[in-house]
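Pasting model.pdb here (PDB, C-alpha atoms):
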ATOM      1  CA  ALA A   1       6.330 -38.898   1.881  1.00  0.00           C
ATOM      2  CA  PRO A   2       7.797 -35.660   0.574  1.00  0.00           C
ATOM      3  CA  LEU A   3       7.992 -35.270  -3.173  1.00  0.00           C
ATOM      4  CA  SER A   4      11.360 -35.951  -4.751  1.00  0.00           C
ATOM      5  CA  TYR A   5      11.802 -33.432  -7.521  1.00  0.00           C
ATOM      6  CA  PRO A   6      14.009 -34.191 -10.547  1.00  0.00           C
ATOM      7  CA  ASP A   7      17.303 -32.379 -10.848  1.00  0.00           C
ATOM      8  CA  SER A   8      17.174 -29.083 -12.784  1.00  0.00           C
ATOM      9  CA  ALA A   9      20.887 -28.595 -13.246  1.00  0.00           C
ATOM     10  CA  PRO A  10      21.876 -24.922 -13.637  1.00  0.00           C
ATOM     11  CA  ASP A  11      24.424 -23.918 -16.242  1.00  0.00           C
ATOM     12  CA  PRO A  12      26.752 -21.367 -14.614  1.00  0.00           C
ATOM     13  CA  ALA A  13      28.440 -20.616 -17.936  1.00  0.00           C
ATOM     14  CA  VAL A  14      25.437 -18.680 -19.267  1.00  0.00           C
ATOM     15  CA  VAL A  15      25.961 -15.038 -18.276  1.00  0.00           C
ATOM     16  CA  ASP A  16      24.875 -11.872 -20.099  1.00  0.00           C
ATOM     17  CA  THR A  17      26.473  -8.483 -19.616  1.00  0.00           C
ATOM     18  CA  LEU A  18      23.809  -5.773 -19.594  1.00  0.00           C
ATOM     19  CA  HIS A  19      24.931  -2.176 -19.156  1.00  0.00           C
ATOM     20  CA  GLY A  20      28.126  -3.398 -17.552  1.00  0.00           C
ATOM     21  CA  VAL A  21      26.342  -5.716 -15.134  1.00  0.00           C
ATOM     22  CA  SER A  22      26.785  -9.495 -15.272  1.00  0.00           C
ATOM     23  CA  VAL A  23      23.385 -11.213 -15.255  1.00  0.00           C
ATOM     24  CA  PRO A  24      23.473 -15.016 -14.908  1.00  0.00           C
ATOM     25  CA  ASP A  25      20.783 -17.022 -16.666  1.00  0.00           C
ATOM     26  CA  PRO A  26      21.548 -20.590 -15.569  1.00  0.00           C
ATOM     27  CA  TYR A  27      18.269 -22.115 -16.740  1.00  0.00           C
ATOM     28  CA  ARG A  28      18.273 -20.755 -20.268  1.00  0.00           C
ATOM     29  CA  TRP A  29      18.714 -24.295 -21.558  1.00  0.00           C
ATOM     30  CA  LEU A  30      15.065 -24.836 -20.638  1.00  0.00           C
ATOM     31  CA  GLU A  31      14.116 -22.066 -23.088  1.00  0.00           C
ATOM     32  CA  ALA A  32      15.757 -23.899 -25.971  1.00  0.00           C
ATOM     33  CA  ASP A  33      13.934 -26.001 -28.521  1.00  0.00           C
ATOM     34  CA  TYR A  34      11.252 -27.876 -26.588  1.00  0.00           C
ATOM     35  CA  GLN A  35      11.944 -30.931 -28.757  1.00  0.00           C
ATOM     36  CA  SER A  36      15.596 -31.137 -27.714  1.00  0.00           C
ATOM     37  CA  GLU A  37      16.424 -34.267 -25.726  1.00  0.00           C
ATOM     38  CA  PRO A  38      17.443 -32.475 -22.475  1.00  0.00           C
ATOM     39  CA  VAL A  39      14.246 -30.421 -22.398  1.00  0.00           C
ATOM     40  CA  LYS A  40      12.049 -33.402 -23.313  1.00  0.00           C
ATOM     41  CA  ALA A  41      13.642 -35.440 -20.511  1.00  0.00           C
ATOM     42  CA  TRP A  42      13.112 -32.595 -18.006  1.00  0.00           C
ATOM     43  CA  ILE A  43       9.451 -32.234 -18.999  1.00  0.00           C
ATOM     44  CA  ALA A  44       8.861 -35.987 -18.736  1.00  0.00           C
ATOM     45  CA  SER A  45      10.395 -36.119 -15.256  1.00  0.00           C
ATOM     46  CA  GLN A  46       8.298 -33.163 -14.060  1.00  0.00           C
ATOM     47  CA  VAL A  47       5.131 -34.752 -15.456  1.00  0.00           C
ATOM     48  CA  ALA A  48       5.949 -37.998 -13.655  1.00  0.00           C
ATOM     49  CA  VAL A  49       6.329 -36.226 -10.294  1.00  0.00           C
ATOM     50  CA  THR A  50       3.148 -34.202 -10.742  1.00  0.00           C
ATOM     51  CA  SER A  51       1.104 -37.190 -11.926  1.00  0.00           C
ATOM     52  CA  SER A  52       2.225 -39.361  -9.031  1.00  0.00           C
ATOM     53  CA  TYR A  53       0.916 -36.748  -6.576  1.00  0.00           C
ATOM     54  CA  LEU A  54      -2.342 -35.977  -8.382  1.00  0.00           C
ATOM     55  CA  GLU A  55      -3.219 -39.643  -8.851  1.00  0.00           C
ATOM     56  CA  SER A  56      -2.979 -40.195  -5.108  1.00  0.00           C
ATOM     57  CA  ILE A  57      -5.673 -37.626  -4.273  1.00  0.00           C
ATOM     58  CA  PRO A  58      -8.853 -39.372  -3.029  1.00  0.00           C
ATOM     59  CA  GLY A  59     -11.943 -38.685  -5.103  1.00  0.00           C
ATOM     60  CA  ARG A  60     -10.016 -37.451  -8.134  1.00  0.00           C
ATOM     61  CA  ASP A  61     -11.569 -39.998 -10.490  1.00  0.00           C
ATOM     62  CA  ALA A  62     -15.066 -39.072  -9.328  1.00  0.00           C
ATOM     63  CA  LEU A  63     -14.297 -35.384  -9.848  1.00  0.00           C
ATOM     64  CA  ARG A  64     -12.918 -36.082 -13.319  1.00  0.00           C
ATOM     65  CA  LYS A  65     -16.035 -38.011 -14.313  1.00  0.00           C
ATOM     66  CA  ARG A  66     -18.303 -35.249 -13.014  1.00  0.00           C
ATOM     67  CA  LEU A  67     -16.380 -32.544 -14.897  1.00  0.00           C
ATOM     68  CA  PHE A  68     -16.398 -34.518 -18.133  1.00  0.00           C
ATOM     69  CA  ALA A  69     -20.126 -35.098 -17.772  1.00  0.00           C
ATOM     70  CA  ALA A  70     -20.691 -31.364 -17.227  1.00  0.00           C
ATOM     71  CA  TRP A  71     -18.577 -30.443 -20.266  1.00  0.00           C
ATOM     72  CA  ASN A  72     -20.009 -33.090 -22.569  1.00  0.00           C
ATOM     73  CA  HIS A  73     -22.755 -31.140 -24.304  1.00  0.00           C
ATOM     74  CA  PRO A  74     -22.942 -29.280 -27.629  1.00  0.00           C
ATOM     75  CA  ARG A  75     -21.797 -25.646 -27.580  1.00  0.00           C
ATOM     76  CA  TYR A  76     -22.368 -23.076 -30.312  1.00  0.00           C
ATOM     77  CA  SER A  77     -20.808 -19.729 -31.182  1.00  0.00           C
ATOM     78  CA  ALA A  78     -22.704 -16.684 -32.350  1.00  0.00           C
ATOM     79  CA  PRO A  79     -23.136 -16.877 -36.165  1.00  0.00           C
ATOM     80  CA  SER A  80     -21.817 -14.457 -38.769  1.00  0.00           C
ATOM     81  CA  SER A  81     -23.006 -14.138 -42.356  1.00  0.00           C
ATOM     82  CA  ARG A  82     -21.988 -12.976 -45.821  1.00  0.00           C
ATOM     83  CA  LYS A  83     -24.126 -12.323 -48.874  1.00  0.00           C
ATOM     84  CA  THR A  84     -23.538 -11.677 -52.560  1.00  0.00           C
ATOM     85  CA  GLU A  85     -24.843  -8.515 -54.140  1.00  0.00           C
ATOM     86  CA  ALA A  86     -25.366  -9.999 -57.638  1.00  0.00           C
ATOM     87  CA  PRO A  87     -29.151  -9.973 -58.332  1.00  0.00           C
ATOM     88  CA  ALA A  88     -28.844 -12.842 -60.836  1.00  0.00           C
ATOM     89  CA  ALA A  89     -27.343 -15.200 -58.258  1.00  0.00           C
ATOM     90  CA  PRO A  90     -28.270 -14.128 -54.723  1.00  0.00           C
ATOM     91  CA  ARG A  91     -26.688 -16.129 -51.941  1.00  0.00           C
ATOM     92  CA  ARG A  92     -26.368 -15.956 -48.181  1.00  0.00           C
ATOM     93  CA  ARG A  93     -23.813 -17.958 -46.207  1.00  0.00           C
ATOM     94  CA  ILE A  94     -23.926 -18.376 -42.448  1.00  0.00           C
ATOM     95  CA  PHE A  95     -20.779 -19.345 -40.526  1.00  0.00           C
ATOM     96  CA  TRP A  96     -20.587 -20.662 -36.970  1.00  0.00           C
ATOM     97  CA  TYR A  97     -18.571 -22.868 -34.641  1.00  0.00           C
ATOM     98  CA  MET A  98     -19.893 -25.927 -32.837  1.00  0.00           C
ATOM     99  CA  ASN A  99     -18.222 -28.250 -30.339  1.00  0.00           C
ATOM    100  CA  THR A 100     -19.921 -31.593 -29.678  1.00  0.00           C
ATOM    101  CA  GLY A 101     -18.714 -31.474 -26.087  1.00  0.00           C
ATOM    102  CA  LEU A 102     -15.270 -32.983 -25.564  1.00  0.00           C
ATOM    103  CA  GLN A 103     -13.538 -31.958 -28.775  1.00  0.00           C
ATOM    104  CA  ASN A 104     -10.192 -30.205 -28.332  1.00  0.00           C
ATOM    105  CA  HIS A 105     -11.183 -27.581 -30.901  1.00  0.00           C
ATOM    106  CA  SER A 106     -14.478 -26.318 -32.296  1.00  0.00           C
ATOM    107  CA  PRO A 107     -14.954 -26.968 -36.044  1.00  0.00           C
ATOM    108  CA  LEU A 108     -16.154 -24.139 -38.281  1.00  0.00           C
ATOM    109  CA  PHE A 109     -19.406 -24.848 -40.124  1.00  0.00           C
ATOM    110  CA  VAL A 110     -21.141 -23.139 -43.044  1.00  0.00           C
ATOM    111  CA  GLN A 111     -24.661 -23.341 -44.433  1.00  0.00           C
ATOM    112  CA  GLU A 112     -26.051 -21.441 -47.386  1.00  0.00           C
ATOM    113  CA  GLY A 113     -29.166 -20.529 -49.338  1.00  0.00           C
ATOM    114  CA  VAL A 114     -30.595 -17.923 -51.685  1.00  0.00           C
ATOM    115  CA  ASP A 115     -31.483 -15.739 -48.690  1.00  0.00           C
ATOM    116  CA  ALA A 116     -31.112 -15.681 -44.915  1.00  0.00           C
ATOM    117  CA  GLU A 117     -34.221 -17.816 -44.324  1.00  0.00           C
ATOM    118  CA  ALA A 118     -33.133 -20.493 -46.782  1.00  0.00           C
ATOM    119  CA  ALA A 119     -29.588 -20.499 -45.423  1.00  0.00           C
ATOM    120  CA  ALA A 120     -30.861 -20.984 -41.869  1.00  0.00           C
ATOM    121  CA  LYS A 121     -32.764 -24.089 -43.004  1.00  0.00           C
ATOM    122  CA  ALA A 122     -29.943 -25.535 -45.103  1.00  0.00           C
ATOM    123  CA  GLU A 123     -27.862 -28.554 -44.127  1.00  0.00           C
ATOM    124  CA  PRO A 124     -24.647 -27.394 -42.425  1.00  0.00           C
ATOM    125  CA  ARG A 125     -21.260 -28.715 -43.514  1.00  0.00           C
ATOM    126  CA  VAL A 126     -17.831 -28.579 -41.942  1.00  0.00           C
ATOM    127  CA  LEU A 127     -15.611 -25.932 -43.514  1.00  0.00           C
ATOM    128  CA  VAL A 128     -12.533 -26.364 -41.286  1.00  0.00           C
ATOM    129  CA  ASP A 129     -12.017 -28.962 -38.553  1.00  0.00           C
ATOM    130  CA  PRO A 130      -8.936 -28.068 -36.458  1.00  0.00           C
ATOM    131  CA  ASN A 131      -9.149 -31.454 -34.718  1.00  0.00           C
ATOM    132  CA  ALA A 132      -7.799 -32.993 -37.934  1.00  0.00           C
ATOM    133  CA  PHE A 133      -4.627 -30.874 -37.840  1.00  0.00           C
ATOM    134  CA  SER A 134      -2.843 -33.145 -35.336  1.00  0.00           C
ATOM    135  CA  GLU A 135      -3.538 -36.321 -33.399  1.00  0.00           C
ATOM    136  CA  ASP A 136      -2.692 -34.856 -29.983  1.00  0.00           C
ATOM    137  CA  GLY A 137      -4.677 -31.626 -30.384  1.00  0.00           C
ATOM    138  CA  THR A 138      -1.647 -29.340 -30.016  1.00  0.00           C
ATOM    139  CA  THR A 139      -2.154 -27.761 -33.456  1.00  0.00           C
ATOM    140  CA  ALA A 140      -4.894 -25.146 -33.410  1.00  0.00           C
ATOM    141  CA  MET A 141      -6.683 -22.728 -35.706  1.00  0.00           C
ATOM    142  CA  ALA A 142      -5.453 -19.417 -34.358  1.00  0.00           C
ATOM    143  CA  GLY A 143      -7.415 -16.967 -36.493  1.00  0.00           C
ATOM    144  CA  THR A 144      -9.889 -16.638 -39.362  1.00  0.00           C
ATOM    145  CA  ALA A 145     -10.878 -13.921 -41.825  1.00  0.00           C
ATOM    146  CA  LEU A 146     -13.688 -14.219 -44.369  1.00  0.00           C
ATOM    147  CA  ASP A 147     -13.605 -12.144 -47.510  1.00  0.00           C
ATOM    148  CA  HIS A 148     -16.496  -9.739 -48.064  1.00  0.00           C
ATOM    149  CA  ALA A 149     -18.497 -12.093 -50.307  1.00  0.00           C
ATOM    150  CA  GLY A 150     -17.985 -15.152 -48.103  1.00  0.00           C
ATOM    151  CA  ASP A 151     -16.258 -17.027 -50.935  1.00  0.00           C
ATOM    152  CA  LYS A 152     -12.832 -17.378 -49.338  1.00  0.00           C
ATOM    153  CA  LEU A 153     -11.649 -18.039 -45.805  1.00  0.00           C
ATOM    154  CA  ALA A 154      -8.157 -17.090 -44.687  1.00  0.00           C
ATOM    155  CA  TYR A 155      -7.247 -19.124 -41.626  1.00  0.00           C
ATOM    156  CA  SER A 156      -4.096 -19.406 -39.541  1.00  0.00           C
ATOM    157  CA  VAL A 157      -2.609 -22.453 -37.839  1.00  0.00           C
ATOM    158  CA  SER A 158      -0.469 -22.485 -34.684  1.00  0.00           C
ATOM    159  CA  GLU A 159       1.599 -25.513 -33.695  1.00  0.00           C
ATOM    160  CA  GLY A 160       2.368 -26.426 -30.098  1.00  0.00           C
ATOM    161  CA  GLY A 161       1.014 -23.167 -28.693  1.00  0.00           C
ATOM    162  CA  SER A 162       3.541 -21.076 -30.625  1.00  0.00           C
ATOM    163  CA  ASP A 163       2.777 -17.445 -31.468  1.00  0.00           C
ATOM    164  CA  TRP A 164       3.987 -18.147 -35.010  1.00  0.00           C
ATOM    165  CA  ASN A 165       1.047 -18.568 -37.376  1.00  0.00           C
ATOM    166  CA  THR A 166       0.864 -19.999 -40.882  1.00  0.00           C
ATOM    167  CA  TRP A 167      -1.980 -18.667 -43.043  1.00  0.00           C
ATOM    168  CA  ARG A 168      -3.822 -20.509 -45.812  1.00  0.00           C
ATOM    169  CA  VAL A 169      -6.885 -19.719 -47.927  1.00  0.00           C
ATOM    170  CA  ARG A 170      -9.812 -22.120 -48.259  1.00  0.00           C
ATOM    171  CA  ASP A 171     -12.428 -22.062 -51.013  1.00  0.00           C
ATOM    172  CA  VAL A 172     -15.751 -21.984 -49.160  1.00  0.00           C
ATOM    173  CA  ALA A 173     -17.648 -23.614 -52.046  1.00  0.00           C
ATOM    174  CA  THR A 174     -15.381 -26.671 -52.264  1.00  0.00           C
ATOM    175  CA  GLY A 175     -14.165 -26.819 -48.661  1.00  0.00           C
ATOM    176  CA  GLU A 176     -10.598 -27.258 -49.953  1.00  0.00           C
ATOM    177  CA  ASP A 177      -7.509 -25.074 -49.725  1.00  0.00           C
ATOM    178  CA  ILE A 178      -6.883 -23.105 -52.916  1.00  0.00           C
ATOM    179  CA  PRO A 179      -4.125 -24.827 -54.946  1.00  0.00           C
ATOM    180  CA  GLY A 180      -0.893 -22.881 -55.254  1.00  0.00           C
ATOM    181  CA  ASP A 181      -1.799 -20.455 -52.493  1.00  0.00           C
ATOM    182  CA  GLY A 182       0.929 -19.737 -49.942  1.00  0.00           C
ATOM    183  CA  PRO A 183       1.253 -20.968 -47.312  1.00  0.00           C
ATOM    184  CA  VAL A 184       2.043 -17.637 -45.658  1.00  0.00           C
ATOM    185  CA  LYS A 185       4.553 -18.205 -42.842  1.00  0.00           C
ATOM    186  CA  TRP A 186       6.234 -16.261 -40.023  1.00  0.00           C
ATOM    187  CA  VAL A 187       3.130 -14.285 -39.129  1.00  0.00           C
ATOM    188  CA  LYS A 188       2.779 -13.175 -35.521  1.00  0.00           C
ATOM    189  CA  PHE A 189       0.350 -10.802 -33.794  1.00  0.00           C
ATOM    190  CA  SER A 190      -1.542 -10.141 -37.025  1.00  0.00           C
ATOM    191  CA  GLY A 191      -4.883 -10.840 -38.606  1.00  0.00           C
ATOM    192  CA  ALA A 192      -5.764 -10.774 -42.305  1.00  0.00           C
ATOM    193  CA  ALA A 193      -7.555  -7.806 -43.918  1.00  0.00           C
ATOM    194  CA  TRP A 194      -9.171  -8.614 -47.268  1.00  0.00           C
ATOM    195  CA  LEU A 195      -9.505  -6.396 -50.317  1.00  0.00           C
ATOM    196  CA  LYS A 196     -13.183  -5.857 -51.041  1.00  0.00           C
ATOM    197  CA  ASN A 197     -12.951  -7.810 -54.311  1.00  0.00           C
ATOM    198  CA  GLY A 198     -11.410 -10.826 -52.530  1.00  0.00           C
ATOM    199  CA  ASP A 199      -8.256 -10.907 -54.650  1.00  0.00           C
ATOM    200  CA  GLY A 200      -5.978 -10.921 -51.613  1.00  0.00           C
ATOM    201  CA  TYR A 201      -5.341  -9.713 -48.091  1.00  0.00           C
ATOM    202  CA  PHE A 202      -2.935  -7.622 -46.033  1.00  0.00           C
ATOM    203  CA  TYR A 203      -1.033  -9.095 -43.081  1.00  0.00           C
ATOM    204  CA  GLY A 204       1.912  -8.353 -40.810  1.00  0.00           C
ATOM    205  CA  ARG A 205       4.936 -10.630 -40.560  1.00  0.00           C
ATOM    206  CA  TYR A 206       8.528 -10.750 -39.378  1.00  0.00           C
ATOM    207  CA  ASP A 207      11.657 -11.875 -41.164  1.00  0.00           C
ATOM    208  CA  ALA A 208      12.110 -15.641 -41.093  1.00  0.00           C
ATOM    209  CA  PRO A 209      14.217 -16.533 -38.031  1.00  0.00           C
ATOM    210  CA  LYS A 210      17.199 -18.820 -38.016  1.00  0.00           C
ATOM    211  CA  GLU A 211      15.733 -22.223 -37.283  1.00  0.00           C
ATOM    212  CA  GLU A 212      18.871 -23.859 -35.995  1.00  0.00           C
ATOM    213  CA  ASP A 213      19.344 -24.153 -32.236  1.00  0.00           C
ATOM    214  CA  GLY A 214      15.712 -23.324 -31.534  1.00  0.00           C
ATOM    215  CA  GLU A 215      16.061 -19.765 -32.836  1.00  0.00           C
ATOM    216  CA  ALA A 216      12.541 -19.873 -34.290  1.00  0.00           C
ATOM    217  CA  LEU A 217      11.065 -20.143 -30.786  1.00  0.00           C
ATOM    218  CA  GLN A 218      13.410 -18.007 -28.691  1.00  0.00           C
ATOM    219  CA  GLY A 219      14.828 -15.376 -31.037  1.00  0.00           C
ATOM    220  CA  VAL A 220      13.946 -11.686 -30.733  1.00  0.00           C
ATOM    221  CA  ASN A 221      11.395 -10.466 -33.294  1.00  0.00           C
ATOM    222  CA  GLU A 222      11.862  -6.919 -34.530  1.00  0.00           C
ATOM    223  CA  PHE A 223      10.580  -4.695 -37.335  1.00  0.00           C
ATOM    224  CA  GLN A 224       7.233  -6.216 -38.249  1.00  0.00           C
ATOM    225  CA  LYS A 225       6.402  -5.497 -41.892  1.00  0.00           C
ATOM    226  CA  LEU A 226       3.095  -5.089 -43.711  1.00  0.00           C
ATOM    227  CA  PHE A 227       2.648  -7.413 -46.701  1.00  0.00           C
ATOM    228  CA  PHE A 228      -0.012  -8.022 -49.320  1.00  0.00           C
ATOM    229  CA  HIS A 229      -0.790 -11.588 -50.384  1.00  0.00           C
ATOM    230  CA  LYS A 230      -2.571 -12.266 -53.664  1.00  0.00           C
ATOM    231  CA  VAL A 231      -4.678 -15.414 -53.512  1.00  0.00           C
ATOM    232  CA  GLY A 232      -3.293 -18.325 -55.512  1.00  0.00           C
ATOM    233  CA  THR A 233       0.327 -17.160 -55.444  1.00  0.00           C
ATOM    234  CA  PRO A 234       3.316 -18.288 -53.324  1.00  0.00           C
ATOM    235  CA  GLN A 235       4.460 -16.182 -50.383  1.00  0.00           C
ATOM    236  CA  SER A 236       7.642 -15.306 -52.261  1.00  0.00           C
ATOM    237  CA  ALA A 237       5.507 -13.061 -54.503  1.00  0.00           C
ATOM    238  CA  ASP A 238       4.116 -11.029 -51.575  1.00  0.00           C
TER     239      ASP A 238
END

Written as structure tokens, how would this file's structure read?
Amino acid sequence: APLSYPDSAPDPAVVDTLHGVSVPDPYRWLEADYQSEPVKAWIASQVAVTSSYLESIPGRDALRKRLFAAWNHPRYSAPSSRKTEAPAAPRRRIFWYMNTGLQNHSPLFVQEGVDAEAAAKAEPRVLVDPNAFSEDGTTAMAGTALDHAGDKLAYSVSEGGSDWNTWRVRDVATGEDIPGDGPVKWVKFSGAAWLKNGDGYFYGRYDAPKEEDGEALQGVNEFQKLFFHKVGTPQSAD
């Protein structure tokens, strides 16, 4: 039987005038806040249609099981390392990602020792586990930046696939976020560049959008600005 698609009602009232030309945009309501009731209902109806078709395909369960079996093995990233220069307290830290197989996100691990050989033999510990950010796996660690000594990790979090990132700083020794630091919000298309002494980092951000009516997700972003964030201070001091 042919698929019966849900109604995607156009809104003829939405028309922009660009250079004197009327340009209708009847489906702009689908670009609104994805958590609005009309958009959530549209997504649910589309998922229902798609799932009903996919579930009817012969052999799909066998294919799913074979794919999961092929994916279900540990995977490792290439490591990176940081070392202290102080002769009285030498230290090497090695950082790497590892996925056990079917995790939504790969946790970041660290292991350390007085030198590279000792660090390589040390017991690894989890520094950041993005799988703990949300139950459904839609919140991800979007970026990381270690300071030069490997004492602090700046990391950004993205929710629901958004380009907006929120940055925090984690103490590598304790594995906890530094109290009173940030969070640094409204960052997009930017990494974090540390001062050599680890006191803070530079980043690019936009003005905070109007959050009503889904403006945070569909507004135009202009005039990115360069900021400096000092560790342990609120973003308002940047």

The PyMOL selection byres ((chain A and resi 140-155) around 8) on the file shown: which residues, as JSON, numbers by chain?
{"A": [81, 82, 83, 84, 93, 105, 130, 131, 133, 137, 138, 139, 156, 157, 158, 159, 161, 165, 167, 168, 169, 170, 171, 172, 173, 191, 192, 193, 194, 195, 196, 197, 198]}

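Applied to the file shown here, the PyMOL selection byres ((chain A and resi 48-53) around 8) selects A:Leu3, A:Ser4, A:Tyr5, A:Pro6, A:Ala44, A:Ser45, A:Gln46, A:Val47, A:Leu54, A:Glu55, A:Ser56, A:Ile57.
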
Would you mind listing what lies within 8 Å of Leu102 (chain A) as number ranges by chain, with all atoms listed in the file counted and same-chain residues fewer than 2 positions away left out?
A: 68, 71-73, 99-100, 104

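The space between CA of Leu18 (chain A) and CA of Phe189 (chain A) spans 27.9 Å.
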
Quick one: which residues end up in the PyMOL selection byres ((chain A and resi 225) around 10) for this structure, as a ChimeraX atom specification?
/A:187,203-207,222-224,226-227

Coordinates-based distance that separates CA of Pro74 (chain A) from CA of Val110 (chain A) (Å, one decimal)
16.7 Å
